[in-house]
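Student: Sending over entry.txt (compact mmCIF, C-alpha atoms).
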# COMPACT_ATOMS: atom_id res chain seq x y z
CA MET B 12 -19.03 -26.62 55.79
CA ILE B 13 -16.47 -24.54 57.68
CA GLU B 14 -16.39 -25.54 61.34
CA THR B 15 -14.99 -23.39 64.16
CA ASP B 16 -15.60 -22.34 67.77
CA ILE B 17 -16.62 -18.75 67.14
CA ILE B 18 -17.90 -17.27 63.91
CA ILE B 19 -17.10 -13.56 63.93
CA ILE B 20 -19.18 -11.52 61.50
CA GLY B 21 -17.13 -8.45 60.64
CA ALA B 22 -13.34 -8.27 60.36
CA GLY B 23 -12.87 -4.73 61.64
CA PRO B 24 -10.58 -3.93 64.57
CA VAL B 25 -12.99 -5.28 67.19
CA GLY B 26 -13.61 -8.56 65.36
CA LEU B 27 -9.86 -8.99 64.87
CA PHE B 28 -8.90 -8.35 68.48
CA THR B 29 -11.58 -10.76 69.65
CA VAL B 30 -9.60 -13.52 67.88
CA PHE B 31 -6.74 -12.80 70.29
CA GLU B 32 -8.87 -12.94 73.43
CA ALA B 33 -10.63 -16.08 72.17
CA GLY B 34 -7.25 -17.61 71.35
CA LEU B 35 -6.06 -17.15 74.94
CA LEU B 36 -9.03 -19.35 75.90
CA LYS B 37 -8.08 -21.82 73.17
CA LEU B 38 -11.12 -20.97 71.10
CA LYS B 39 -10.69 -20.84 67.34
CA CYS B 40 -12.29 -18.11 65.22
CA HIS B 41 -13.43 -17.74 61.64
CA LEU B 42 -14.21 -14.24 60.38
CA ILE B 43 -16.65 -13.26 57.62
CA ASP B 44 -16.57 -9.85 55.96
CA SER B 45 -18.24 -8.30 52.94
CA LEU B 46 -15.07 -6.40 52.07
CA PRO B 47 -12.22 -8.13 50.23
CA GLN B 48 -9.68 -7.34 52.98
CA PRO B 49 -9.73 -7.30 56.79
CA GLY B 50 -9.95 -3.99 58.66
CA GLY B 51 -13.49 -2.80 57.99
CA GLN B 52 -13.89 0.97 57.82
CA LEU B 53 -10.29 1.50 58.86
CA THR B 54 -8.83 0.01 55.70
CA GLU B 55 -11.75 0.74 53.40
CA ILE B 56 -12.49 4.35 54.32
CA TYR B 57 -9.66 5.96 56.27
CA PRO B 58 -6.44 3.90 56.22
CA LYS B 59 -4.21 6.96 56.38
CA LYS B 60 -6.10 8.76 59.14
CA PRO B 61 -4.43 8.92 62.54
CA ILE B 62 -6.17 7.57 65.64
CA TYR B 63 -5.13 9.09 68.95
CA ASP B 64 -7.11 7.15 71.53
CA ILE B 65 -5.72 3.65 71.30
CA PRO B 66 -4.15 3.05 74.72
CA GLY B 67 -0.38 2.93 74.49
CA TYR B 68 -0.24 4.51 71.04
CA PRO B 69 0.05 8.32 71.10
CA THR B 70 -0.90 8.08 67.43
CA VAL B 71 -1.41 5.24 65.00
CA ASP B 72 -2.71 5.29 61.43
CA ALA B 73 -5.88 3.27 60.96
CA GLY B 74 -4.25 0.99 58.38
CA GLU B 75 -1.25 0.44 60.64
CA LEU B 76 -3.51 -0.49 63.56
CA ILE B 77 -5.07 -3.20 61.40
CA ASP B 78 -1.65 -4.48 60.31
CA ASN B 79 -0.64 -4.66 63.97
CA LEU B 80 -3.82 -6.49 64.95
CA MET B 81 -3.29 -9.01 62.15
CA GLU B 82 0.21 -9.62 63.47
CA GLN B 83 -1.04 -9.89 67.04
CA ILE B 84 -3.68 -12.51 66.19
CA ALA B 85 -1.55 -14.51 63.76
CA PRO B 86 -0.53 -17.11 66.42
CA PHE B 87 -4.20 -18.05 66.74
CA LYS B 88 -4.49 -18.80 63.03
CA PRO B 89 -7.76 -17.06 62.28
CA GLU B 90 -9.48 -18.03 59.06
CA PHE B 91 -11.41 -15.69 56.82
CA THR B 92 -14.28 -15.67 54.39
CA LEU B 93 -13.75 -12.31 52.69
CA GLY B 94 -15.75 -10.53 50.02
CA GLU B 95 -18.91 -12.32 51.15
CA SER B 96 -21.76 -11.01 53.28
CA ALA B 97 -23.29 -13.09 56.05
CA MET B 98 -26.92 -13.40 55.01
CA THR B 99 -28.63 -15.87 57.36
CA ILE B 100 -28.14 -17.48 60.77
CA ASP B 101 -29.91 -20.81 61.27
CA GLU B 102 -29.89 -22.74 64.52
CA THR B 103 -29.36 -26.53 64.58
CA ASP B 104 -31.05 -28.98 66.93
CA ASP B 105 -27.89 -29.17 69.04
CA ASN B 106 -27.74 -25.38 69.57
CA LYS B 107 -25.16 -24.57 66.96
CA PHE B 108 -25.42 -21.83 64.39
CA ILE B 109 -25.03 -22.09 60.64
CA VAL B 110 -24.07 -18.79 59.05
CA THR B 111 -24.52 -18.69 55.27
CA THR B 112 -23.10 -15.97 53.02
CA ASN B 113 -24.50 -14.44 49.86
CA LYS B 114 -22.25 -16.79 47.88
CA GLY B 115 -23.57 -19.83 49.73
CA THR B 116 -20.51 -20.47 51.93
CA LYS B 117 -21.65 -22.18 55.12
CA HIS B 118 -20.02 -21.93 58.54
CA ILE B 119 -20.99 -23.77 61.72
CA ALA B 120 -20.11 -22.93 65.34
CA PRO B 121 -21.66 -22.94 68.80
CA VAL B 122 -21.15 -19.17 69.10
CA VAL B 123 -21.60 -16.21 66.76
CA MET B 124 -20.10 -12.79 67.50
CA ILE B 125 -21.48 -9.96 65.43
CA ALA B 126 -18.82 -7.28 65.09
CA GLY B 127 -20.46 -5.78 62.04
CA GLY B 128 -19.73 -2.11 62.72
CA LEU B 129 -22.04 0.01 60.64
CA GLY B 130 -23.11 -3.02 58.61
CA VAL B 131 -22.42 -4.38 55.16
CA PHE B 132 -20.70 -2.18 52.60
CA GLU B 133 -22.91 -1.63 49.57
CA PRO B 134 -22.52 0.59 46.51
CA ARG B 135 -23.75 4.16 46.91
CA LYS B 136 -26.62 4.57 44.51
CA PRO B 137 -27.30 7.95 42.93
CA PRO B 138 -30.82 9.35 43.31
CA VAL B 139 -32.08 8.40 39.84
CA GLU B 140 -35.69 7.37 39.45
CA ASN B 141 -36.29 3.71 38.49
CA LEU B 142 -32.59 2.93 39.00
CA GLU B 143 -33.29 -0.29 40.89
CA GLN B 144 -35.66 -1.54 38.17
CA PHE B 145 -32.74 -1.61 35.76
CA GLU B 146 -30.22 -3.29 38.06
CA ASP B 147 -28.57 -6.13 36.12
CA LYS B 148 -30.56 -4.94 33.09
CA GLY B 149 -28.01 -2.37 32.09
CA VAL B 150 -27.24 -0.77 35.45
CA GLU B 151 -24.22 -2.12 37.33
CA TYR B 152 -22.47 -0.61 40.35
CA ILE B 153 -19.40 -2.80 40.14
CA ILE B 154 -17.49 -3.87 37.04
CA LYS B 155 -16.85 -7.56 37.54
CA ASP B 156 -15.94 -8.66 34.04
CA PRO B 157 -14.82 -5.94 31.62
CA ALA B 158 -15.53 -8.23 28.63
CA PHE B 159 -19.21 -7.85 29.48
CA TYR B 160 -18.97 -4.35 27.98
CA GLN B 161 -17.44 -5.44 24.65
CA ASP B 162 -18.83 -3.26 21.83
CA LYS B 163 -21.36 -1.64 24.15
CA LYS B 164 -22.24 1.99 24.69
CA VAL B 165 -21.31 2.69 28.29
CA VAL B 166 -22.03 5.68 30.49
CA VAL B 167 -19.86 5.84 33.62
CA ALA B 168 -20.69 8.35 36.37
CA GLY B 169 -18.43 9.55 39.18
CA GLY B 170 -15.26 11.52 39.77
CA GLY B 171 -13.13 9.24 41.91
CA ASP B 172 -10.45 6.74 41.03
CA SER B 173 -12.72 3.86 40.12
CA ALA B 174 -14.74 5.98 37.66
CA LEU B 175 -11.55 7.29 36.05
CA ASP B 176 -9.67 3.99 36.02
CA TRP B 177 -12.51 1.96 34.56
CA SER B 178 -13.19 4.58 31.90
CA ILE B 179 -9.54 4.43 30.86
CA TYR B 180 -9.52 0.63 30.92
CA LEU B 181 -12.68 0.21 28.84
CA VAL B 182 -11.36 2.62 26.20
CA LYS B 183 -7.67 1.67 26.05
CA ASN B 184 -8.48 -2.01 25.69
CA ASN B 185 -10.96 -1.29 22.89
CA ILE B 186 -13.79 -2.74 24.91
CA ALA B 187 -16.61 -0.18 24.96
CA SER B 188 -17.75 0.98 21.52
CA GLU B 189 -18.56 4.35 23.07
CA LEU B 190 -17.69 5.60 26.53
CA SER B 191 -19.11 8.65 28.24
CA LEU B 192 -17.85 9.79 31.63
CA VAL B 193 -20.26 12.03 33.48
CA HIS B 194 -19.06 14.03 36.45
CA ARG B 195 -20.68 16.75 38.52
CA ARG B 196 -17.69 19.05 38.63
CA ASN B 197 -15.05 20.29 36.23
CA SER B 198 -12.21 18.81 38.21
CA PHE B 199 -11.57 15.26 39.35
CA ARG B 200 -10.30 14.15 42.73
CA GLY B 201 -8.81 10.90 41.45
CA HIS B 202 -5.12 10.16 41.08
CA LEU B 203 -3.39 12.88 39.02
CA ASP B 204 -2.04 10.43 36.49
CA SER B 205 -5.52 8.98 35.91
CA VAL B 206 -7.01 12.46 35.53
CA GLN B 207 -4.39 13.29 32.90
CA GLN B 208 -5.07 10.08 30.98
CA VAL B 209 -8.80 10.81 30.95
CA MET B 210 -8.14 14.35 29.72
CA ASP B 211 -5.86 13.03 26.97
CA LEU B 212 -8.37 10.40 25.87
CA ALA B 213 -11.09 13.05 25.86
CA ALA B 214 -8.94 15.34 23.71
CA GLU B 215 -8.42 12.43 21.27
CA GLY B 216 -12.18 11.95 21.14
CA LYS B 217 -12.01 8.50 22.70
CA ILE B 218 -13.76 9.40 25.93
CA ASN B 219 -16.87 11.52 25.74
CA LEU B 220 -16.20 13.62 28.84
CA ILE B 221 -19.29 15.36 30.18
CA THR B 222 -18.51 17.52 33.22
CA GLU B 223 -20.72 19.81 35.29
CA ALA B 224 -23.43 17.30 34.61
CA GLU B 225 -25.35 14.52 36.32
CA VAL B 226 -27.30 11.52 35.14
CA THR B 227 -30.85 12.33 36.17
CA GLY B 228 -32.86 9.64 34.43
CA ILE B 229 -32.70 6.29 32.69
CA GLY B 230 -35.00 4.64 30.22
CA GLY B 231 -35.62 1.41 28.38
CA ASN B 232 -38.12 -1.33 27.88
CA GLY B 233 -37.07 -4.14 30.21
CA LYS B 234 -33.47 -3.33 29.38
CA LEU B 235 -31.63 -0.03 29.58
CA ASN B 236 -31.36 1.86 26.29
CA SER B 237 -30.92 5.49 27.30
CA VAL B 238 -29.72 7.80 30.03
CA THR B 239 -30.75 11.39 30.60
CA ILE B 240 -27.86 13.69 31.37
CA LYS B 241 -28.54 17.09 32.86
CA HIS B 242 -25.86 19.69 32.28
CA LYS B 243 -25.54 22.55 34.74
CA THR B 244 -26.08 25.24 32.11
CA GLU B 245 -26.99 23.47 28.88
CA GLY B 246 -30.00 21.51 30.12
CA GLU B 247 -30.93 17.90 29.50
CA VAL B 248 -29.90 15.50 26.76
CA VAL B 249 -31.03 11.93 26.27
CA LYS B 250 -28.22 9.64 25.24
CA GLU B 251 -28.35 6.13 23.84
CA ALA B 252 -26.67 3.67 26.20
CA ASP B 253 -26.46 -0.07 26.77
CA HIS B 254 -24.97 0.29 30.25
CA PHE B 255 -25.01 2.86 33.02
CA VAL B 256 -22.28 2.31 35.61
CA PRO B 257 -22.49 4.69 38.59
CA LEU B 258 -19.24 4.45 40.59
CA PHE B 259 -19.68 6.47 43.76
CA GLY B 260 -17.93 4.26 46.27
CA LEU B 261 -19.42 2.21 49.07
CA LYS B 262 -21.57 2.90 52.09
CA PRO B 263 -22.43 0.69 55.02
CA SER B 264 -25.95 -0.42 55.81
CA LEU B 265 -27.25 -2.74 58.52
CA GLY B 266 -28.60 -4.96 55.74
CA PRO B 267 -29.34 -8.60 56.60
CA ILE B 268 -28.41 -8.13 60.29
CA ALA B 269 -31.82 -6.55 60.75
CA ASP B 270 -33.48 -9.88 59.81
CA TRP B 271 -31.75 -12.17 62.32
CA GLY B 272 -34.39 -12.02 65.02
CA LEU B 273 -32.27 -9.73 67.18
CA GLU B 274 -33.57 -6.85 69.20
CA ILE B 275 -32.67 -3.72 67.22
CA ASP B 276 -32.93 -0.14 68.37
CA LYS B 277 -31.70 2.90 66.42
CA ASN B 278 -29.89 0.73 63.86
CA ALA B 279 -27.93 -1.16 66.52
CA ILE B 280 -28.32 -4.48 68.37
CA THR B 281 -29.41 -4.29 72.00
CA VAL B 282 -27.08 -6.25 74.31
CA ASP B 283 -26.78 -7.22 77.96
CA THR B 284 -23.68 -5.40 79.25
CA ARG B 285 -22.77 -8.31 81.55
CA ASP B 286 -21.47 -10.25 78.54
CA TYR B 287 -22.63 -8.36 75.41
CA SER B 288 -25.05 -11.15 74.60
CA THR B 289 -28.09 -10.49 72.43
CA ASN B 290 -31.62 -11.74 72.96
CA ARG B 291 -30.61 -14.95 71.09
CA PRO B 292 -28.46 -17.09 73.43
CA GLY B 293 -25.11 -17.86 71.81
CA ILE B 294 -25.17 -14.75 69.63
CA TYR B 295 -23.18 -11.76 70.88
CA ALA B 296 -22.81 -8.26 69.45
CA ILE B 297 -19.67 -6.18 70.03
CA GLY B 298 -18.30 -2.87 68.78
CA ASP B 299 -20.22 -0.21 66.87
CA VAL B 300 -23.01 -2.64 65.94
CA ASN B 301 -24.34 -2.87 69.52
CA GLN B 302 -26.06 -0.43 71.80
CA TYR B 303 -26.71 -0.16 75.51
CA GLU B 304 -27.08 2.59 78.06
CA GLY B 305 -23.89 4.61 78.09
CA LYS B 306 -22.57 3.12 74.83
CA LEU B 307 -19.59 4.87 73.27
CA LYS B 308 -18.70 3.98 69.70
CA LEU B 309 -14.97 3.76 70.26
CA ILE B 310 -12.52 1.09 69.11
CA LEU B 311 -11.13 0.80 72.63
CA CYS B 312 -14.60 0.11 74.06
CA GLY B 313 -15.11 -2.55 71.38
CA PHE B 314 -11.89 -4.27 72.47
CA HIS B 315 -13.26 -4.47 76.00
CA GLU B 316 -16.62 -5.78 74.80
CA GLY B 317 -15.01 -8.56 72.75
CA THR B 318 -12.82 -9.56 75.70
CA ILE B 319 -15.79 -9.88 78.05
CA ALA B 320 -17.94 -11.63 75.44
CA VAL B 321 -15.43 -14.45 74.80
CA GLN B 322 -15.46 -15.31 78.51
CA SER B 323 -19.20 -15.89 78.26
CA ALA B 324 -18.72 -17.74 74.97
CA PHE B 325 -16.23 -20.08 76.68
CA ALA B 326 -18.79 -20.94 79.35
CA ARG B 327 -21.32 -21.74 76.63
CA ILE B 328 -18.91 -23.88 74.62
CA HIS B 329 -17.38 -25.65 77.64
CA PRO B 330 -20.03 -25.61 80.36
CA ASP B 331 -18.07 -28.15 82.46
CA LYS B 332 -14.63 -26.60 82.15
CA LYS B 333 -13.20 -24.25 84.73
CA ASN B 334 -11.65 -21.06 83.43
CA VAL B 335 -9.51 -18.56 85.27
CA LEU B 336 -8.13 -15.29 84.00
CA LYS B 337 -4.52 -15.67 82.94
CA TYR B 338 -2.05 -12.90 82.30
CA THR B 339 -0.12 -12.93 79.04
CA THR B 340 2.86 -11.55 80.93
CA VAL B 341 2.92 -14.70 83.07
CA ASN B 342 1.93 -17.27 80.47
CA GLY B 343 3.02 -15.73 77.19
CA VAL B 344 0.97 -16.31 74.07
CA ASN B 345 0.60 -19.97 73.23
CA GLY B 346 -0.54 -20.00 69.64
CA PHE B 347 -2.27 -22.83 67.83
CA GLU B 348 -0.33 -25.52 66.01
CA MET P 17 -28.03 34.01 76.69
CA ALA P 18 -25.39 32.19 78.69
CA GLU P 19 -21.78 32.90 77.98
CA ASN P 20 -20.19 30.82 75.24
CA MET P 21 -23.55 29.92 73.73
CA ILE P 22 -24.82 30.74 70.25
CA THR P 23 -28.00 29.97 68.36
CA VAL P 24 -28.04 27.96 65.15
CA HIS P 25 -31.15 27.58 63.04
CA ILE P 26 -31.61 24.21 61.37
CA ILE P 27 -34.42 23.65 58.88
CA ASP P 28 -35.28 19.95 58.82
CA ARG P 29 -36.43 17.90 55.82
CA GLU P 30 -40.06 18.69 56.56
CA GLY P 31 -39.32 22.41 56.46
CA VAL P 32 -39.58 22.91 60.22
CA GLN P 33 -37.04 25.31 61.70
CA HIS P 34 -35.29 24.33 64.93
CA ASP P 35 -33.56 27.07 66.90
CA LEU P 36 -30.79 25.31 68.75
CA GLU P 37 -28.48 26.61 71.43
CA ALA P 38 -24.94 25.40 71.03
CA PRO P 39 -21.81 25.89 73.16
CA THR P 40 -18.73 27.45 71.54
CA ASP P 41 -16.31 25.99 74.09
CA MET P 42 -16.94 22.28 73.55
CA ASN P 43 -15.10 21.84 70.24
CA MET P 44 -18.38 20.89 68.55
CA ASN P 45 -19.45 21.06 64.94
CA ILE P 46 -22.88 21.47 63.36
CA MET P 47 -23.30 17.73 62.71
CA GLU P 48 -22.73 17.04 66.39
CA VAL P 49 -25.09 19.80 67.47
CA CYS P 50 -27.85 18.32 65.28
CA ARG P 51 -27.25 14.85 66.68
CA SER P 52 -27.24 16.09 70.27
CA TYR P 53 -30.72 17.51 69.65
CA GLU P 54 -31.72 14.23 67.97
CA LEU P 55 -32.34 15.82 64.58
CA PRO P 56 -32.18 13.22 61.76
CA VAL P 57 -28.52 13.73 60.87
CA GLU P 58 -26.65 10.45 60.53
CA GLY P 59 -23.01 11.59 60.67
CA ARG P 60 -21.99 8.10 59.59
CA CYS P 61 -18.23 8.71 59.36
CA GLY P 62 -18.12 10.46 62.71
CA GLY P 63 -17.04 13.82 61.34
CA MET P 64 -14.12 13.06 59.05
CA ALA P 65 -15.71 14.55 55.91
CA MET P 66 -15.81 11.01 54.53
CA CYS P 67 -19.52 10.59 54.02
CA ALA P 68 -22.05 13.24 53.12
CA THR P 69 -24.82 12.30 55.51
CA CYS P 70 -24.51 15.66 57.32
CA GLN P 71 -24.74 17.69 54.11
CA CYS P 72 -26.70 20.91 54.52
CA TYR P 73 -27.34 24.09 52.56
CA LEU P 74 -26.15 27.44 53.89
CA GLU P 75 -29.15 29.74 53.76
CA SER P 76 -27.84 32.77 55.67
CA ASP P 77 -25.06 35.13 54.64
CA THR P 78 -22.87 33.87 57.47
CA GLU P 79 -19.19 34.02 56.58
CA LEU P 80 -17.64 30.57 56.90
CA ALA P 81 -14.02 29.55 56.65
CA GLU P 82 -12.91 28.31 53.24
CA GLN P 83 -13.79 24.68 52.58
CA SER P 84 -10.96 22.18 53.00
CA ASP P 85 -9.87 19.95 50.13
CA GLY P 86 -11.30 17.02 52.07
CA GLU P 87 -14.74 18.61 52.23
CA LEU P 88 -14.67 19.59 48.55
CA ASP P 89 -13.56 16.08 47.60
CA MET P 90 -16.45 14.54 49.51
CA LEU P 91 -18.99 16.96 48.06
CA ASP P 92 -17.57 16.06 44.67
CA GLU P 93 -18.95 12.54 45.09
CA ALA P 94 -22.06 13.42 47.07
CA PHE P 95 -25.63 13.50 45.85
CA PHE P 96 -28.05 16.47 46.01
CA VAL P 97 -25.15 18.95 45.95
CA GLU P 98 -25.94 22.64 45.38
CA ASP P 99 -23.64 25.66 45.20
CA ASN P 100 -24.34 26.38 48.89
CA SER P 101 -23.73 22.80 50.05
CA ARG P 102 -21.64 22.29 53.16
CA LEU P 103 -20.81 19.35 55.37
CA GLY P 104 -22.16 20.05 58.84
CA CYS P 105 -19.22 18.25 60.42
CA GLN P 106 -16.84 20.75 58.86
CA ILE P 107 -18.53 23.81 60.39
CA PRO P 108 -17.13 24.40 63.87
CA VAL P 109 -19.42 26.04 66.41
CA THR P 110 -17.84 29.45 67.01
CA ALA P 111 -19.11 32.88 68.02
CA GLU P 112 -18.74 34.01 64.38
CA ILE P 113 -21.54 31.75 63.14
CA ASP P 114 -24.14 32.88 65.68
CA GLY P 115 -27.52 33.01 63.90
CA ILE P 116 -26.48 30.75 61.00
CA VAL P 117 -29.34 29.19 59.02
CA LEU P 118 -28.79 25.73 57.52
CA ARG P 119 -31.22 23.44 55.71
CA LEU P 120 -30.66 19.68 55.87
CA ALA P 121 -30.01 18.01 52.50
CA PRO P 122 -32.21 15.03 51.56
CA GLU P 123 -31.30 11.58 52.82
CA GLY P 124 -29.70 9.09 50.45
CA ASN P 125 -25.98 9.84 50.59
When written as structure tokens, how does the structure in this file appear?
Tutor:
Amino acid sequence: MIETDIIIIGAGPVGLFTVFEAGLLKLKCHLIDSLPQPGGQLTEIYPKKPIYDIPGYPTVDAGELIDNLMEQIAPFKPEFTLGESAMTIDETDDNKFIVTTNKGTKHIAPVVMIAGGLGVFEPRKPPVENLEQFEDKGVEYIIKDPAFYQDKKVVVAGGGDSALDWSIYLVKNNIASELSLVHRRNSFRGHLDSVQQVMDLAAEGKINLITEAEVTGIGGNGKLNSVTIKHKTEGEVVKEADHFVPLFGLKPSLGPIADWGLEIDKNAITVDTRDYSTNRPGIYAIGDVNQYEGKLKLILCGFHEGTIAVQSAFARIHPDKKNVLKYTTVNGVNGFE
Amino acid sequence: MAENMITVHIIDREGVQHDLEAPTDMNMNIMEVCRSYELPVEGRCGGMAMCATCQCYLESDTELAEQSDGELDMLDEAFFVEDNSRLGCQIPVTAEIDGIVLRLAPEGN
């Protein structure tokens, strides 16, 4: 069991900065995030986009802001559980919380801060009837182990880098016995080099490239054995397939957060603006995941919320200790050993 | 109508038309107009053309500026796309689009 002072669920900018403010109060943090890297939306969705409203930075790219935050919090030695989603929060008899992830990793702390942004990133699922019935029975949204597709007939859908790159990989390594790549348009937005490789493999007859088409149906008896592909002008064809792999990127959803006994309104957690606490004492919500009268979903507001919340967390963790606000300019940053 | 105001017509997913007044001097886009009237438009990415939750179909012959590469890229990966698909966040509210008719695309993007 991982033990810490504050479990932060969500390693986006607000979760990361909270490590700094907690560190100044000598509280140690452990962050959990469903993505494989810290940064949340900023690194996953728009790393190269400029942000203009971070105080003191006329402009900063989202990815650079995350790099800077990681550097800023490094003295406080944050620990991470990445690529795992927080699934449950259980309370112990001595008022601590045990947060368990989808992979079974357990964390214990007297305080939980939910900085979950828009929620957990999940694969975007195309609107195909019965799709969920065939999940793990021939429909996969993520390729975990390419060998799984050895000598199989695979239909990949999508036009981005992951659809292109996996199609190339499964063909060039002689894995799939037959690979079809279905894409809605004639052109691809993936990396130019990948697009060229797909075109070349298609010309050699190694990739069955089906453009201006969409997968509109799937069939099988307990296990996938066919997909229906609808071409813009040529109509529908049913194709034999062992696997259908739709690769349309990720989207966030509130997911398990909705089941934690917290007061939720309009997909966000209601908090008390005195300390950003939720209706469950010891659990706080900061950043885009919370809501209150006058809420603005801005990174800079999330920084403020995290700062205030750790003061309240300190009082909960050390009810007998006095705490006064200290300026970093006066005291410097005294990191953890 | 007041100065700097136009009307946009949004047909929701139940087929009900909403005639909305929108200011042209507030640097707004259609996604934001829909949200300000509490129509069910998520606008998850905040207007960066990086999700397609504000996708709508242009149903009037309003002349719109050419779509950016970013918008086309997103629509490339979106679901329920038709030839007249647009991202609401990429349509600025200007005097030129007064009277525009847009139908909201289904949820699920």
Student: For chain B, list the residues within 8 Å of chain P, counting all atoms listed in the file, and write the list as a VMD selection string.
Tutor: chain B and resid 56 135 137 to 138 169 to 171 195 to 196 200 259
Student: Using Å and a single decimal, report how far atom CA of P:Ile22 sits from atom CA of B:Gly305.
Tutor: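 A separation of 27.3 Å between them.
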Student: Measuring atom to atom with only C-alpha atoms, identify which of P:Leu120, P:Val32, P:Ile113, P:Cys105 is nearest to P:Val49.
Tutor: P:Cys105
Student: My list of candidates is P:Leu118, P:Glu87, P:Gly59, P:Thr110. Which is closest to P:Ile26 when distances are computed with only C-alpha atoms?
Tutor: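 With only C-alpha atoms as the atom set, the closest residue is P:Leu118.
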Student: For a test of reading the model, state the distance in Å between atom CA of B:Glu215 and atom CA of B:Pro157, rounded to one decimal.
Tutor: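 Those two atoms sit 22.0 Å apart.
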Student: Out of B:Ile310, B:Val150, B:Val206, B:Leu35, which residue has the shortest atom-to-atom distance to B:Leu53 when counting all atoms listed in the file?
Tutor: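 Looking at the shortest contact to B:Leu53, the residue is B:Ile310.
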Student: Using only C-alpha atoms, pick whichever of P:Asn100, P:Glu79, P:Gly63, P:Asn20 has the shortest atom-to-atom distance to P:Arg51.
Tutor: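 Closest to P:Arg51 of all the choices is P:Gly63.
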Student: Please write as a count of residues only the list of polymer residues whose atoms come within 7 Å of (-24.3, 25.2, 63.0), counting only C-alpha atoms and keeping to the coordinates of the file.
Tutor: 7
Student: Rank B:Glu90, B:Asp253, B:Glu95, B:Glu133 by their smallest atom-to-atom distance to B:Leu190, using all atoms listed in the file, and report the top residue only.
Tutor: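 Of the candidates, the smallest distance to B:Leu190 is held by B:Asp253.
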Student: Return the single residue from P:Arg102, P:Asp35, P:Asp77, P:Met44 that is closest to P:Ala65, with distances computed using all atoms listed in the file.
Tutor: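 Comparing P:Arg102, P:Asp35, P:Asp77, P:Met44 against P:Ala65, the winner is P:Arg102.
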Student: Hey, can you check how far atom CA of P:Thr23 sits from atom CA of P:Gln83?
Tutor: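 That distance, rounded to one decimal, is 21.9 Å.
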